[in-house]
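The next block is entry.pdb, given as PDB, C-alpha atoms and all ligand atoms.
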```
ATOM      1  CA  MET A   1      14.045 -12.358 -12.640
ATOM      2  CA  ALA A   2      17.731 -12.536 -13.593
ATOM      3  CA  ARG A   3      16.559 -13.280 -17.146
ATOM      4  CA  ALA A   4      14.436 -10.128 -17.177
ATOM      5  CA  TRP A   5      17.379  -7.969 -16.089
ATOM      6  CA  ALA A   6      19.690  -9.561 -18.645
ATOM      7  CA  ALA A   7      17.135  -8.948 -21.411
ATOM      8  CA  MET A   8      16.797  -5.335 -20.356
ATOM      9  CA  ARG A   9      20.523  -4.679 -20.356
ATOM     10  CA  THR A  10      20.923  -5.866 -23.953
ATOM     11  CA  HIS A  11      19.040  -2.692 -24.946
ATOM     12  CA  ILE A  12      21.685  -0.493 -23.386
ATOM     13  CA  SER A  13      25.045  -0.495 -25.084
ATOM     14  CA  ASP A  14      28.190   1.250 -23.943
ATOM     15  CA  THR A  15      29.050   4.810 -24.811
ATOM     16  CA  ARG A  16      28.834   5.109 -28.578
ATOM     17  CA  GLU A  17      29.884   7.491 -31.351
ATOM     18  CA  THR A  18      27.832   7.750 -34.520
ATOM     19  CA  SER A  19      29.056   9.786 -37.477
ATOM     20  CA  THR A  20      27.267  12.783 -36.001
ATOM     21  CA  MET A  21      26.952  12.433 -32.237
ATOM     22  CA  HIS A  22      28.172  10.977 -28.971
ATOM     23  CA  ILE A  23      25.727   8.784 -26.994
ATOM     24  CA  GLU A  24      26.429   8.326 -23.287
ATOM     25  CA  PRO A  25      24.084   6.001 -21.341
ATOM     26  CA  LEU A  26      23.199   7.437 -17.918
ATOM     27  CA  THR A  27      21.968   4.301 -16.133
ATOM     28  CA  CYS A  28      21.847   0.540 -16.850
ATOM     29  CA  SER A  29      18.126   0.751 -17.513
ATOM     30  CA  ILE A  30      17.094   4.043 -19.106
ATOM     31  CA  GLY A  31      18.346   7.385 -20.418
ATOM     32  CA  ALA A  32      21.281   8.640 -22.454
ATOM     33  CA  GLU A  33      22.872  11.995 -23.058
ATOM     34  CA  LEU A  34      23.426  12.986 -26.684
ATOM     35  CA  SER A  35      26.143  15.498 -27.504
ATOM     36  CA  GLY A  36      27.600  17.083 -30.612
ATOM     37  CA  VAL A  37      24.186  17.606 -32.129
ATOM     38  CA  SER A  38      21.805  20.555 -32.502
ATOM     39  CA  LEU A  39      18.045  20.055 -32.503
ATOM     40  CA  ALA A  40      17.710  23.115 -34.748
ATOM     41  CA  ASP A  41      19.722  21.180 -37.374
ATOM     42  CA  ALA A  42      17.821  17.953 -36.730
ATOM     43  CA  ALA A  43      14.544  19.826 -37.282
ATOM     44  CA  HIS A  44      15.577  20.253 -40.924
ATOM     45  CA  ASP A  45      17.714  17.142 -41.489
ATOM     46  CA  ALA A  46      15.926  13.793 -41.916
ATOM     47  CA  GLY A  47      19.121  11.738 -41.446
ATOM     48  CA  LEU A  48      20.046  13.424 -38.192
ATOM     49  CA  PHE A  49      16.477  13.133 -36.941
ATOM     50  CA  ALA A  50      16.520   9.385 -37.735
ATOM     51  CA  GLU A  51      19.685   8.930 -35.625
ATOM     52  CA  ILE A  52      18.101  10.748 -32.673
ATOM     53  CA  LYS A  53      14.947   8.665 -33.016
ATOM     54  CA  ALA A  54      17.001   5.441 -33.044
ATOM     55  CA  ALA A  55      18.742   6.549 -29.828
ATOM     56  CA  LEU A  56      15.350   7.376 -28.327
ATOM     57  CA  LEU A  57      13.932   3.924 -29.117
ATOM     58  CA  GLN A  58      16.980   2.332 -27.516
ATOM     59  CA  HIS A  59      17.241   4.508 -24.384
ATOM     60  CA  LYS A  60      13.583   5.641 -23.968
ATOM     61  CA  VAL A  61      14.585   9.159 -22.890
ATOM     62  CA  VAL A  62      17.469  11.201 -24.295
ATOM     63  CA  PHE A  63      18.901  14.465 -22.989
ATOM     64  CA  LEU A  64      20.733  17.272 -24.737
ATOM     65  CA  ARG A  65      22.461  20.228 -23.105
ATOM     66  CA  ASP A  66      22.974  23.722 -24.531
ATOM     67  CA  GLN A  67      20.150  23.892 -27.058
ATOM     68  CA  PRO A  68      19.354  27.636 -27.360
ATOM     69  CA  ILE A  69      16.900  26.916 -30.183
ATOM     70  CA  SER A  70      13.954  29.078 -31.215
ATOM     71  CA  ARG A  71      10.382  28.068 -30.367
ATOM     72  CA  ALA A  72       9.784  27.568 -34.083
ATOM     73  CA  ASP A  73      12.659  25.047 -34.228
ATOM     74  CA  HIS A  74      11.430  23.323 -31.066
ATOM     75  CA  VAL A  75       8.040  22.835 -32.724
ATOM     76  CA  ALA A  76       9.581  21.899 -36.098
ATOM     77  CA  PHE A  77      11.792  19.242 -34.462
ATOM     78  CA  ALA A  78       8.915  17.721 -32.461
ATOM     79  CA  ARG A  79       6.663  17.717 -35.539
ATOM     80  CA  ARG A  80       9.072  15.352 -37.263
ATOM     81  CA  PHE A  81       7.617  12.687 -34.920
ATOM     82  CA  GLY A  82       4.001  13.673 -35.673
ATOM     83  CA  GLU A  83       1.262  16.241 -35.023
ATOM     84  CA  LEU A  84       1.318  18.093 -31.685
ATOM     85  CA  GLU A  85      -1.453  18.523 -29.133
ATOM     86  CA  ASP A  86      -2.379  21.282 -26.690
ATOM     87  CA  HIS A  87      -3.352  20.599 -23.098
ATOM     88  CA  PRO A  88      -6.849  21.327 -21.746
ATOM     89  CA  VAL A  89      -5.537  22.931 -18.543
ATOM     90  CA  ALA A  90      -1.975  24.195 -19.217
ATOM     91  CA  GLY A  91      -1.887  26.920 -21.880
ATOM     92  CA  SER A  92       0.223  26.950 -25.051
ATOM     93  CA  ASP A  93       2.468  29.647 -26.482
ATOM     94  CA  PRO A  94       0.063  31.916 -28.415
ATOM     95  CA  ASP A  95       2.373  32.052 -31.451
ATOM     96  CA  HIS A  96       3.273  28.354 -31.413
ATOM     97  CA  PRO A  97       0.232  26.106 -30.966
ATOM     98  CA  GLY A  98       1.245  22.753 -29.494
ATOM     99  CA  LEU A  99       4.029  24.285 -27.389
ATOM    100  CA  VAL A 100       2.611  23.906 -23.875
ATOM    101  CA  GLN A 101       3.880  26.306 -21.223
ATOM    102  CA  ILE A 102       4.582  24.567 -17.929
ATOM    103  CA  TYR A 103       5.361  27.723 -16.018
ATOM    104  CA  ARG A 104       5.537  27.576 -12.243
ATOM    105  CA  ASN A 105       5.946  31.041 -10.774
ATOM    106  CA  ASP A 106       4.613  32.229  -7.457
ATOM    107  CA  LYS A 107       1.611  29.911  -7.285
ATOM    108  CA  ARG A 108       2.083  26.398  -5.936
ATOM    109  CA  GLU A 109       0.626  23.849  -8.371
ATOM    110  CA  ASN A 110       1.199  20.135  -7.947
ATOM    111  CA  TYR A 111       0.358  18.535 -11.267
ATOM    112  CA  GLU A 112       3.632  16.987 -12.378
ATOM    113  CA  ASN A 113       4.907  15.463  -9.136
ATOM    114  CA  ASN A 114       3.396  12.045  -9.568
ATOM    115  CA  TYR A 115       4.478   9.188 -11.817
ATOM    116  CA  HIS A 116       2.512   9.467 -15.009
ATOM    117  CA  SER A 117       2.463   8.820 -18.711
ATOM    118  CA  ASP A 118       1.327  12.009 -20.451
ATOM    119  CA  GLY A 119      -2.305  11.961 -21.505
ATOM    120  CA  LEU A 120      -3.111   8.383 -20.425
ATOM    121  CA  TRP A 121      -6.575   9.875 -19.803
ATOM    122  CA  ARG A 122      -6.927  10.305 -23.580
ATOM    123  CA  ASP A 123      -8.056   7.565 -25.994
ATOM    124  CA  THR A 124      -4.799   8.231 -27.821
ATOM    125  CA  PRO A 125      -2.142   9.214 -25.236
ATOM    126  CA  ALA A 126       0.955  11.119 -26.383
ATOM    127  CA  MET A 127       3.549   9.148 -28.360
ATOM    128  CA  GLY A 128       6.327  11.243 -26.869
ATOM    129  CA  CYS A 129       7.369  14.713 -25.790
ATOM    130  CA  VAL A 130      10.152  17.229 -26.319
ATOM    131  CA  LEU A 131      10.625  19.323 -23.167
ATOM    132  CA  ARG A 132      12.975  22.324 -23.016
ATOM    133  CA  CYS A 133      14.032  24.229 -19.934
ATOM    134  CA  ILE A 134      13.608  28.000 -20.170
ATOM    135  CA  GLU A 135      14.312  28.839 -16.532
ATOM    136  CA  CYS A 136      15.022  26.633 -13.533
ATOM    137  CA  PRO A 137      15.868  27.009  -9.868
ATOM    138  CA  PRO A 138      19.602  26.949  -9.013
ATOM    139  CA  VAL A 139      18.996  23.614  -7.313
ATOM    140  CA  GLY A 140      15.918  21.364  -7.302
ATOM    141  CA  GLY A 141      13.182  20.824  -9.888
ATOM    142  CA  ASP A 142      14.775  17.671 -11.363
ATOM    143  CA  THR A 143      12.671  15.259 -13.415
ATOM    144  CA  ILE A 144      12.706  11.460 -13.039
ATOM    145  CA  TRP A 145      11.890   9.063 -15.905
ATOM    146  CA  VAL A 146      11.044   5.397 -15.468
ATOM    147  CA  ASN A 147      11.488   2.435 -17.806
ATOM    148  CA  MET A 148       8.025   0.824 -17.682
ATOM    149  CA  ALA A 149       9.113  -2.115 -19.877
ATOM    150  CA  ALA A 150      11.616  -3.000 -17.137
ATOM    151  CA  ALA A 151       8.862  -2.543 -14.564
ATOM    152  CA  TYR A 152       6.740  -5.096 -16.443
ATOM    153  CA  ALA A 153       9.601  -7.529 -17.159
ATOM    154  CA  ASN A 154      10.534  -7.717 -13.466
ATOM    155  CA  LEU A 155       7.037  -8.364 -12.128
ATOM    156  CA  PRO A 156       6.585 -11.770 -10.490
ATOM    157  CA  GLU A 157       5.277 -14.244 -13.066
ATOM    158  CA  GLU A 158       2.012 -14.841 -11.185
ATOM    159  CA  ILE A 159       1.302 -11.091 -11.316
ATOM    160  CA  GLN A 160       2.131 -11.007 -15.030
ATOM    161  CA  ARG A 161      -0.363 -13.850 -15.537
ATOM    162  CA  LYS A 162      -3.011 -12.128 -13.407
ATOM    163  CA  ILE A 163      -2.859  -8.825 -15.298
ATOM    164  CA  ASP A 164      -2.679 -10.363 -18.768
ATOM    165  CA  GLY A 165      -5.892  -9.221 -20.498
ATOM    166  CA  LEU A 166      -6.873  -6.771 -17.739
ATOM    167  CA  ARG A 167      -8.101  -3.340 -18.768
ATOM    168  CA  ALA A 168      -8.190  -0.144 -16.719
ATOM    169  CA  ARG A 169      -9.738   3.287 -16.863
ATOM    170  CA  SER A 170      -7.720   6.499 -16.617
ATOM    171  CA  GLY A 171      -9.146   9.984 -16.207
ATOM    172  CA  ILE A 172      -8.325  13.659 -15.955
ATOM    173  CA  GLU A 173     -11.136  14.577 -13.542
ATOM    174  CA  HIS A 174      -9.443  13.509 -10.298
ATOM    175  CA  SER A 175      -6.046  14.940 -11.287
ATOM    176  CA  PHE A 176      -6.196  18.268 -13.147
ATOM    177  CA  GLY A 177      -9.871  18.655 -12.202
ATOM    178  CA  ALA A 178      -9.294  18.274  -8.461
ATOM    179  CA  VAL A 179      -8.670  21.977  -7.777
ATOM    180  CA  MET A 180     -11.567  23.175  -9.969
ATOM    181  CA  GLU A 181     -15.009  24.251  -8.840
ATOM    182  CA  PRO A 182     -17.518  21.376  -9.258
ATOM    183  CA  GLU A 183     -19.132  22.881 -12.378
ATOM    184  CA  ALA A 184     -15.784  23.401 -14.158
ATOM    185  CA  ARG A 185     -14.697  19.900 -13.123
ATOM    186  CA  ARG A 186     -17.921  18.430 -14.539
ATOM    187  CA  ARG A 187     -17.351  20.261 -17.846
ATOM    188  CA  LEU A 188     -13.725  19.000 -18.011
ATOM    189  CA  ALA A 189     -14.867  15.415 -17.396
ATOM    190  CA  GLU A 190     -17.582  15.735 -20.053
ATOM    191  CA  GLN A 191     -15.133  17.079 -22.596
ATOM    192  CA  TYR A 192     -12.492  14.452 -21.738
ATOM    193  CA  PRO A 193     -14.327  11.317 -20.607
ATOM    194  CA  PRO A 194     -12.161   8.608 -19.020
ATOM    195  CA  ALA A 195     -10.268   6.360 -21.419
ATOM    196  CA  GLU A 196      -9.975   2.582 -21.257
ATOM    197  CA  HIS A 197      -6.610   0.935 -21.986
ATOM    198  CA  PRO A 198      -4.929  -2.464 -21.522
ATOM    199  CA  VAL A 199      -2.938  -2.757 -18.273
ATOM    200  CA  VAL A 200      -0.084  -4.235 -20.317
ATOM    201  CA  ARG A 201       0.590  -2.654 -23.689
ATOM    202  CA  THR A 202       2.915  -3.701 -26.494
ATOM    203  CA  HIS A 203       5.205  -0.992 -27.807
ATOM    204  CA  PRO A 204       4.304  -0.553 -31.497
ATOM    205  CA  GLU A 205       7.937  -0.099 -32.626
ATOM    206  CA  THR A 206      10.091  -2.191 -30.263
ATOM    207  CA  GLY A 207       7.557  -4.940 -29.462
ATOM    208  CA  GLU A 208       8.367  -4.665 -25.732
ATOM    209  CA  LYS A 209       5.619  -5.278 -23.184
ATOM    210  CA  VAL A 210       5.011  -2.258 -20.976
ATOM    211  CA  LEU A 211       3.188  -1.789 -17.672
ATOM    212  CA  ASN A 212       0.531   0.768 -18.572
ATOM    213  CA  VAL A 213      -1.130   2.119 -15.402
ATOM    214  CA  CYS A 214      -0.193   5.347 -13.635
ATOM    215  CA  SER A 215      -1.543   8.019 -11.311
ATOM    216  CA  PHE A 216      -4.301   8.836 -13.855
ATOM    217  CA  THR A 217      -5.631   5.272 -13.531
ATOM    218  CA  THR A 218      -8.680   4.855 -11.286
ATOM    219  CA  HIS A 219      -9.829   1.225 -11.583
ATOM    220  CA  PHE A 220      -9.832  -2.021 -13.552
ATOM    221  CA  ILE A 221     -12.927  -2.492 -15.623
ATOM    222  CA  ASN A 222     -12.884  -6.275 -16.231
ATOM    223  CA  TYR A 223     -11.526  -7.559 -12.911
ATOM    224  CA  HIS A 224     -14.782  -8.898 -11.505
ATOM    225  CA  THR A 225     -14.676 -12.453 -12.893
ATOM    226  CA  PRO A 226     -15.327 -15.701 -10.958
ATOM    227  CA  ASP A 227     -11.583 -16.461 -11.057
ATOM    228  CA  ASN A 228     -10.601 -13.139  -9.480
ATOM    229  CA  VAL A 229     -13.541 -12.411  -7.193
ATOM    230  CA  ARG A 230     -14.952 -14.969  -4.751
ATOM    231  CA  PHE A 231     -16.260 -12.435  -2.226
ATOM    232  CA  GLY A 232     -16.651  -8.660  -2.208
ATOM    233  CA  LEU A 233     -13.351  -8.362  -0.359
ATOM    234  CA  ASP A 234     -11.487  -9.620  -3.444
ATOM    235  CA  LYS A 235     -12.889  -6.751  -5.453
ATOM    236  CA  THR A 236     -12.755  -4.046  -2.790
ATOM    237  CA  PRO A 237     -10.074  -3.622  -1.594
ATOM    238  CA  GLY A 238      -8.410  -6.548  -3.480
ATOM    239  CA  ALA A 239      -8.482  -4.973  -6.937
ATOM    240  CA  SER A 240      -7.401  -1.572  -5.580
ATOM    241  CA  GLN A 241      -4.470  -3.179  -3.775
ATOM    242  CA  LEU A 242      -3.360  -4.813  -7.020
ATOM    243  CA  LEU A 243      -3.706  -1.487  -8.862
ATOM    244  CA  ASN A 244      -1.743   0.345  -6.149
ATOM    245  CA  TYR A 245       0.967  -2.312  -6.313
ATOM    246  CA  LEU A 246       1.251  -1.904 -10.084
ATOM    247  CA  VAL A 247       1.228   1.911  -9.934
ATOM    248  CA  SER A 248       3.932   1.832  -7.232
ATOM    249  CA  GLN A 249       6.385  -0.026  -9.516
ATOM    250  CA  ALA A 250       7.325   3.289 -11.142
ATOM    251  CA  SER A 251       8.938   4.424  -7.900
ATOM    252  CA  ILE A 252      11.623   1.680  -7.978
ATOM    253  CA  PRO A 253      15.034   3.396  -8.447
ATOM    254  CA  GLU A 254      16.506   0.561 -10.565
ATOM    255  CA  TYR A 255      14.088   1.509 -13.359
ATOM    256  CA  GLN A 256      14.812   5.246 -13.169
ATOM    257  CA  VAL A 257      17.024   8.059 -14.379
ATOM    258  CA  ARG A 258      17.000  11.486 -12.723
ATOM    259  CA  PHE A 259      17.912  14.591 -14.733
ATOM    260  CA  ARG A 260      19.106  17.917 -13.365
ATOM    261  CA  TRP A 261      17.967  20.813 -15.546
ATOM    262  CA  LYS A 262      19.881  23.824 -16.778
ATOM    263  CA  PRO A 263      18.462  26.509 -19.077
ATOM    264  CA  HIS A 264      18.439  25.237 -22.701
ATOM    265  CA  SER A 265      18.578  21.565 -21.638
ATOM    266  CA  VAL A 266      16.150  19.342 -23.550
ATOM    267  CA  ALA A 267      14.606  15.958 -22.754
ATOM    268  CA  ILE A 268      12.943  13.837 -25.436
ATOM    269  CA  TRP A 269      10.995  10.849 -24.150
ATOM    270  CA  ASP A 270       9.077   7.943 -25.561
ATOM    271  CA  ASN A 271       5.814   8.223 -23.650
ATOM    272  CA  ARG A 272       4.719   4.735 -24.782
ATOM    273  CA  CYS A 273       7.202   2.972 -22.490
ATOM    274  CA  THR A 274       8.073   5.510 -19.777
ATOM    275  CA  GLN A 275       6.554   7.481 -16.951
ATOM    276  CA  HIS A 276       7.964  10.616 -15.394
ATOM    277  CA  TYR A 277       7.795  12.652 -12.208
ATOM    278  CA  ALA A 278       8.803  16.313 -11.910
ATOM    279  CA  VAL A 279      10.148  16.832  -8.410
ATOM    280  CA  GLN A 280       8.515  19.860  -6.757
ATOM    281  CA  ASP A 281      11.078  20.730  -4.133
ATOM    282  CA  TYR A 282      11.890  24.240  -5.388
ATOM    283  CA  TRP A 283       8.833  26.385  -4.665
ATOM    284  CA  PRO A 284       8.686  29.435  -4.466
ATOM    285  CA  ALA A 285      11.617  29.653  -6.933
ATOM    286  CA  PRO A 286      10.299  29.885 -10.517
ATOM    287  CA  ARG A 287      10.650  27.027 -13.015
ATOM    288  CA  LYS A 288       9.625  27.437 -16.657
ATOM    289  CA  MET A 289       9.472  24.587 -19.130
ATOM    290  CA  GLU A 290       8.042  24.350 -22.653
ATOM    291  CA  ARG A 291       6.760  21.021 -23.881
ATOM    292  CA  ALA A 292       5.732  19.762 -27.295
ATOM    293  CA  ALA A 293       3.602  16.612 -26.931
ATOM    294  CA  ILE A 294       3.267  14.415 -30.014
ATOM    295  CA  ILE A 295      -0.133  12.828 -30.606
ATOM    296  CA  GLY A 296      -0.004   9.053 -30.216
ATOM    297  CA  GLY A 297      -2.125   6.220 -31.530
ATOM    298  CA  ARG A 298      -4.700   3.957 -29.913
ATOM    299  CA  ILE A 299      -3.267   1.394 -27.502
ATOM    300  CA  ASP A 300      -4.023  -2.218 -28.380
TER     301      ASP A 300
HETATM  302  C1  LIG A 401       5.451  16.819 -17.575
HETATM  303  O1  LIG A 401       4.973  16.263 -16.584
HETATM  304  O2  LIG A 401       5.101  16.519 -18.718
HETATM  305  C2  LIG A 401       6.513  17.893 -17.397
HETATM  306  C3  LIG A 401       7.699  17.410 -16.662
HETATM  307  C4  LIG A 401       8.573  18.522 -16.138
HETATM  308  O3  LIG A 401       8.120  19.680 -16.049
HETATM  309  O4  LIG A 401       9.717  18.251 -15.774
END
```
Written as structure tokens, how would this file's structure read?
Amino acid sequence: MARAWAAMRTHISDTRETSTMHIEPLTCSIGAELSGVSLADAAHDAGLFAEIKAALLQHKVVFLRDQPISRADHVAFARRFGELEDHPVAGSDPDHPGLVQIYRNDKRENYENNYHSDGLWRDTPAMGCVLRCIECPPVGGDTIWVNMAAAYANLPEEIQRKIDGLRARSGIEHSFGAVMEPEARRRLAEQYPPAEHPVVRTHPETGEKVLNVCSFTTHFINYHTPDNVRFGLDKTPGASQLLNYLVSQASIPEYQVRFRWKPHSVAIWDNRCTQHYAVQDYWPAPRKMERAAIIGGRID
């Protein structure tokens, strides 16, 4: 356990200046604030973009304040990482496809207040996201990000052994579909059938092992082996208890950073090794966010 923590901390250096920006870590585990840099410039400057990406790989989520950039620059910056994707339920800005509007006005909607990795219900979940605050409540509406490589590294060894090779299914039907009429829910599930992914993934750029189940995950699909299941009780509720235990790791504060929004603040996260939770303590105050999600690859 001590080894796992030590390994994790080597990824986080002290406050650092590069030739172009100041990097201030926000916790020992995840998150840094970048200052002295404009995303509108980085959208058109490969060198600056590369520095931001390096900080992102190191800190997993990076934050920037005071970015009054245009929607076109928001999209142009995010597209430096890759192509963008719309969301089947949340709409996008009509003039900027790929810029999803997460607007919470007078209607109470509870989609973001659970720990999740964006699009784990897809075969190719998002690689990362660039989220900008348009309007936020005077207090409340923070977002929490979690280092899921730390969550994996600190699991007891017998659990790491048990989940090695396990695969799980994640879906959209029971989350975004839950408030729909049955027919609309059936159509959503047909259009976006559940995806199967390894419970432990390897980050394609850093090589870190990452715990890869979240609130979209419904069940393991290869748990029922003679080693794991002697009697029905081992499968139900045994497998569900193991899944709940793994999903609950995201709620451990030592793996988290919590960010308080202001208008024009931006968060950029690596969705391949983090989960996040948008705290919904502000309703009925409005909160408006715009998010560019970058299409990811298949998880092996
Ligand atoms: C999301 O869940 O992708 C959005 C998070 C937020 O609105 O803070």
Please find the residues contacting ligand LIG 401 (chain A) at a distance of at most 9 Å between atoms, with only C-alpha atoms and all ligand atoms counted, and report them as a PyMOL selection string. chain A and resi 102-103+111-118+129+131-133+141-144+261+267+275-279+287-291+293
Residues picked by the PyMOL selection byres (((chain A and resi 268) around 10) and not hetatm) here, as a ChimeraX atom specification? /A:31,52-53,56,60-64,78,128-132,266-267,269-271,291-293
Which residues are near Val199 of chain A? Cut-off 10 Å, all atoms listed in the file, ignore same chain within fewer than 4 positions. Put them as a ChimeraX atom specification. /A:163-169,210-214,217,220,243,246
Residue members of the PyMOL selection byres (((chain A and resi 81) around 10) and not hetatm) in the file shown, as a ChimeraX atom specification: /A:49-50,53,76-80,82-84,127-129,293-296
Quick check on the file I pasted: which residues fall under the PyMOL selection byres (((chain A and resi 196) around 12) and not hetatm)? Write them as a VMD selection string. chain A and resid 120 to 125 166 to 171 193 to 195 197 to 199 212 to 213 216 to 222 298 to 300
Those same residues - C-alpha atoms - I'd like them written as a PDB file, in the frame of the given file.
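Final output, part_31.pdb:
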```pdb
ATOM      1  CA  LEU A 120      -3.111   8.383 -20.425  1.00  0.00           C
ATOM      2  CA  TRP A 121      -6.575   9.875 -19.803  1.00  0.00           C
ATOM      3  CA  ARG A 122      -6.927  10.305 -23.580  1.00  0.00           C
ATOM      4  CA  ASP A 123      -8.056   7.565 -25.994  1.00  0.00           C
ATOM      5  CA  THR A 124      -4.799   8.231 -27.821  1.00  0.00           C
ATOM      6  CA  PRO A 125      -2.142   9.214 -25.236  1.00  0.00           C
ATOM      7  CA  LEU A 166      -6.873  -6.771 -17.739  1.00  0.00           C
ATOM      8  CA  ARG A 167      -8.101  -3.340 -18.768  1.00  0.00           C
ATOM      9  CA  ALA A 168      -8.190  -0.144 -16.719  1.00  0.00           C
ATOM     10  CA  ARG A 169      -9.738   3.287 -16.863  1.00  0.00           C
ATOM     11  CA  SER A 170      -7.720   6.499 -16.617  1.00  0.00           C
ATOM     12  CA  GLY A 171      -9.146   9.984 -16.207  1.00  0.00           C
ATOM     13  CA  PRO A 193     -14.327  11.317 -20.607  1.00  0.00           C
ATOM     14  CA  PRO A 194     -12.161   8.608 -19.020  1.00  0.00           C
ATOM     15  CA  ALA A 195     -10.268   6.360 -21.419  1.00  0.00           C
ATOM     16  CA  HIS A 197      -6.610   0.935 -21.986  1.00  0.00           C
ATOM     17  CA  PRO A 198      -4.929  -2.464 -21.522  1.00  0.00           C
ATOM     18  CA  VAL A 199      -2.938  -2.757 -18.273  1.00  0.00           C
ATOM     19  CA  ASN A 212       0.531   0.768 -18.572  1.00  0.00           C
ATOM     20  CA  VAL A 213      -1.130   2.119 -15.402  1.00  0.00           C
ATOM     21  CA  PHE A 216      -4.301   8.836 -13.855  1.00  0.00           C
ATOM     22  CA  THR A 217      -5.631   5.272 -13.531  1.00  0.00           C
ATOM     23  CA  THR A 218      -8.680   4.855 -11.286  1.00  0.00           C
ATOM     24  CA  HIS A 219      -9.829   1.225 -11.583  1.00  0.00           C
ATOM     25  CA  PHE A 220      -9.832  -2.021 -13.552  1.00  0.00           C
ATOM     26  CA  ILE A 221     -12.927  -2.492 -15.623  1.00  0.00           C
ATOM     27  CA  ASN A 222     -12.884  -6.275 -16.231  1.00  0.00           C
ATOM     28  CA  ARG A 298      -4.700   3.957 -29.913  1.00  0.00           C
ATOM     29  CA  ILE A 299      -3.267   1.394 -27.502  1.00  0.00           C
ATOM     30  CA  ASP A 300      -4.023  -2.218 -28.380  1.00  0.00           C
TER      31      ASP A 300
END
```
In Å, how far is it from atom CA of Ser92 of chain A to atom CA of Glu135 of chain A? 16.6 Å
